[in-house]
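*Asks:* My structure is stored as model_18.pdb, with PDB, C-alpha atoms and all ligand atoms.
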```pdb
ATOM      1  CA  MET A 281      11.864 -19.917  23.115
ATOM      2  CA  SER A 282      11.931 -16.231  23.792
ATOM      3  CA  GLY A 283      14.717 -14.711  21.709
ATOM      4  CA  SER A 284      14.839 -11.043  20.892
ATOM      5  CA  THR A 285      11.563  -9.247  20.692
ATOM      6  CA  HIS A 286      11.013  -6.762  17.942
ATOM      7  CA  ALA A 287       7.260  -6.747  18.084
ATOM      8  CA  GLY A 288       5.676  -3.381  18.488
ATOM      9  CA  ALA A 289       8.671  -1.414  17.221
ATOM     10  CA  SER A 290       7.222   2.009  16.668
ATOM     11  CA  HIS A 291       9.199   3.688  13.931
ATOM     12  CA  ALA A 292      11.990   1.322  13.195
ATOM     13  CA  GLY A 293      14.159   2.629  10.420
ATOM     14  CA  GLY A 294      17.197   0.396  10.409
ATOM     15  CA  SER A 295      17.667  -3.166   9.378
ATOM     16  CA  GLN A 296      16.989  -4.328  12.905
ATOM     17  CA  SER A 297      13.376  -4.880  12.043
ATOM     18  CA  THR A 298      11.311  -7.194   9.917
ATOM     19  CA  PRO A 299       9.879  -6.084   6.575
ATOM     20  CA  ALA A 300       6.502  -5.364   8.111
ATOM     21  CA  GLU A 301       8.105  -3.257  10.813
ATOM     22  CA  GLN A 302      10.079  -1.291   8.241
ATOM     23  CA  ALA A 303       7.183  -0.618   5.922
ATOM     24  CA  GLU A 304       5.730   2.839   6.250
ATOM     25  CA  SER A 305       1.981   3.058   6.499
ATOM     26  CA  VAL A 306       0.725   4.523   3.287
ATOM     27  CA  ASP A 307      -2.952   4.527   4.064
ATOM     28  CA  ALA A 308      -5.385   3.846   6.844
ATOM     29  CA  LYS A 309      -5.312   0.112   6.547
ATOM     30  CA  ASN A 310      -2.209  -1.193   8.155
ATOM     31  CA  TRP A 311      -1.432  -4.528   6.588
ATOM     32  CA  GLN A 312       1.671  -4.596   8.751
ATOM     33  CA  ASP A 313      -0.457  -5.164  11.834
ATOM     34  CA  GLU A 314      -1.363  -8.612  10.559
ATOM     35  CA  ALA A 315       2.094  -9.575   9.411
ATOM     36  CA  ASN A 316       3.372 -12.972  10.330
ATOM     37  CA  CYS A 317       6.884 -11.654  10.780
ATOM     38  CA  LEU A 318       6.104  -9.327  13.668
ATOM     39  CA  GLY A 319       8.279 -10.437  16.524
ATOM     40  CA  VAL A 320      10.306 -12.785  14.339
ATOM     41  CA  ASP A 321      14.084 -12.422  14.149
ATOM     42  CA  PRO A 322      14.705  -9.774  11.436
ATOM     43  CA  ASP A 323      17.946 -11.483  10.417
ATOM     44  CA  LEU A 324      15.874 -14.209   8.817
ATOM     45  CA  PHE A 325      14.477 -11.691   6.363
ATOM     46  CA  PHE A 326      17.758  -9.942   5.682
ATOM     47  CA  PRO A 327      20.168 -12.868   5.467
ATOM     48  CA  GLU A 328      23.841 -12.555   4.722
ATOM     49  CA  ARG A 329      24.785 -13.075   1.119
ATOM     50  CA  GLY A 330      24.406 -16.745   0.255
ATOM     51  CA  ALA A 331      22.589 -17.604   3.486
ATOM     52  CA  SER A 332      19.365 -19.563   3.434
ATOM     53  CA  THR A 333      16.069 -17.764   2.840
ATOM     54  CA  ARG A 334      14.026 -20.860   3.547
ATOM     55  CA  GLU A 335      12.944 -19.973   7.073
ATOM     56  CA  ALA A 336      11.837 -16.492   6.114
ATOM     57  CA  LYS A 337       9.862 -17.863   3.199
ATOM     58  CA  GLU A 338       8.212 -20.339   5.548
ATOM     59  CA  VAL A 339       7.016 -17.445   7.704
ATOM     60  CA  CYS A 340       5.760 -15.601   4.622
ATOM     61  CA  ARG A 341       3.948 -18.645   3.337
ATOM     62  CA  GLY A 342       1.433 -18.488   6.151
ATOM     63  CA  CYS A 343       1.114 -14.717   6.120
ATOM     64  CA  VAL A 344      -2.305 -13.275   5.318
ATOM     65  CA  VAL A 345      -0.860  -9.994   4.051
ATOM     66  CA  ARG A 346       1.705 -11.545   1.744
ATOM     67  CA  LEU A 347       0.376  -9.830  -1.370
ATOM     68  CA  GLU A 348       0.179  -6.432   0.290
ATOM     69  CA  CYS A 349       3.738  -6.869   1.509
ATOM     70  CA  LEU A 350       4.979  -7.915  -1.917
ATOM     71  CA  GLU A 351       3.236  -5.041  -3.665
ATOM     72  CA  TYR A 352       4.641  -2.627  -1.121
ATOM     73  CA  ALA A 353       8.154  -3.881  -1.768
ATOM     74  CA  LEU A 354       7.686  -3.738  -5.536
ATOM     75  CA  SER A 355       6.275  -0.251  -5.577
ATOM     76  CA  ASN A 356       8.857   1.048  -3.124
ATOM     77  CA  GLY A 357      11.754  -0.584  -4.912
ATOM     78  CA  GLU A 358      12.882  -2.469  -1.826
ATOM     79  CA  LYS A 359      16.234  -3.898  -2.827
ATOM     80  CA  PHE A 360      17.100  -5.991   0.170
ATOM     81  CA  GLY A 361      15.495  -8.799   2.040
ATOM     82  CA  ILE A 362      12.587 -11.172   1.711
ATOM     83  CA  TRP A 363       9.299  -9.395   1.157
ATOM     84  CA  GLY A 364       6.052 -11.171   0.391
ATOM     85  CA  GLY A 365       7.929 -14.436   0.306
ATOM     86  CA  LEU A 366      10.199 -13.374  -2.532
ATOM     87  CA  SER A 367      13.903 -12.651  -2.525
ATOM     88  CA  GLU A 368      15.472  -9.630  -4.209
ATOM     89  CA  ARG A 369      16.237 -11.658  -7.283
ATOM     90  CA  GLU A 370      12.741 -13.124  -7.465
ATOM     91  CA  ARG A 371      11.206  -9.664  -7.144
ATOM     92  CA  ARG A 372      13.449  -8.358  -9.902
ATOM     93  CA  ARG A 373      12.335 -11.195 -12.141
ATOM     94  CA  LEU A 374       8.686 -10.528 -11.346
ATOM     95  CA  ARG A 375       9.118  -6.836 -12.101
ATOM     96  CA  ARG A 376      10.689  -7.680 -15.442
ATOM     97  CA  GLN A 377       7.884 -10.107 -16.290
ATOM     98  CA  ARG A 378       5.278  -7.500 -15.430
ATOM     99  CA  ALA A 379       7.031  -4.877 -17.511
ATOM    100  CA  LEU A 380       7.118  -7.259 -20.461
ATOM    101  CA  ALA A 381       3.462  -8.168 -20.026
ATOM    102  CA  ALA A 382       2.498  -4.509 -19.821
ATOM    103  CA  ARG A 383       4.398  -3.807 -23.010
ATOM    104  CA  LYS A 384       2.546  -6.617 -24.782
ATOM    105  CA  VAL A 385      -0.809  -5.273 -23.664
ATOM    106  CA  THR A 386      -0.090  -1.799 -24.929
ATOM    107  CA  ALA A 387       1.572  -2.983 -28.155
TER     108      ALA A 387
HETATM  109  S1  LIG A 401       4.855 -11.634   3.654
HETATM  110 FE1  LIG A 401       6.587 -12.167   4.932
HETATM  111  S2  LIG A 401       7.790 -10.323   5.095
HETATM  112 FE2  LIG A 401       5.800  -9.733   4.359
HETATM  113  S3  LIG A 401       4.613  -9.188   6.153
HETATM  114 FE3  LIG A 401       4.224 -11.324   5.743
HETATM  115  S4  LIG A 401       5.679 -12.466   6.931
HETATM  116 FE4  LIG A 401       6.402 -10.350   6.832
END
```
Using structure tokens, write down the structure from this file.
*Replies:*
Amino acid sequence: MSGSTHAGASHAGGSQSTPAEQAESVDAKNWQDEANCLGVDPDLFFPERGASTREAKEVCRGCVVRLECLEYALSNGEKFGIWGGLSERERRRLRRQRALAARKVTA
């Protein structure tokens, strides 16, 4: 049950790290420190085209910083991978919905 360990990666920049490990700290509170995906196989979060995202989403489901992670991905325009429990396509849809809602509010 050991597998590869990616926990504690200091400044991982490639795709060999989980979303939380890739996220840059933007302020003092490091939501990444509480991420469920620390130490989990990064490939789960960056699956090949057409591969299952179920396992990654399972990990995200129990993550206490899911919203922070999702907002980070949305505001940084993360195009690849599962962030905050949502796939690229789901994040795109959410962004569109928010843009529409914002337009309605200001209209
Ligand atoms: S929501 Fe998912 S991807 Fe984001 S930090 Fe939590 S476990 Fe990692």
*Asks:* So which residues get picked by the PyMOL selection byres (((chain A and resi 315) around 8) and not hetatm) here, written as a list in words?
*Replies:*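 That expression, the PyMOL selection byres (((chain A and resi 315) around 8) and not hetatm), corresponds here to Ala300, Trp311, Gln312, Asp313, Glu314, Asn316, Cys317, Leu318, Cys343, Val344, Val345 and Arg346 of chain A.
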*Asks:* Return as a ChimeraX atom specification the set of residues that the PyMOL selection byres (((not hetatm)) within 12 of (chain A and resi 401)) yields on the displayed structure.
*Replies:* /A:287,297-303,310-326,333-354,358,360-367
*Asks:* Go ahead and compute the interatomic distance for CA of Glu368 in chain A and CA of Val385 in chain A, in Å to one decimal.
*Replies:* 25.7 Å
*Asks:* Between CA of Arg371 in chain A and CA of Ser355 in chain A, what distance in Å does the model show, to one decimal?
*Replies:*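 Calculated distance between CA of Arg371 in chain A and CA of Ser355 in chain A is 10.7 Å.
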*Asks:* Between CA of Arg369 in chain A and CA of Glu328 in chain A, measure the distance and give it in Å to one decimal.
*Replies:*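 Spanning CA of Arg369 in chain A to CA of Glu328 in chain A is a straight-line distance of 14.2 Å.
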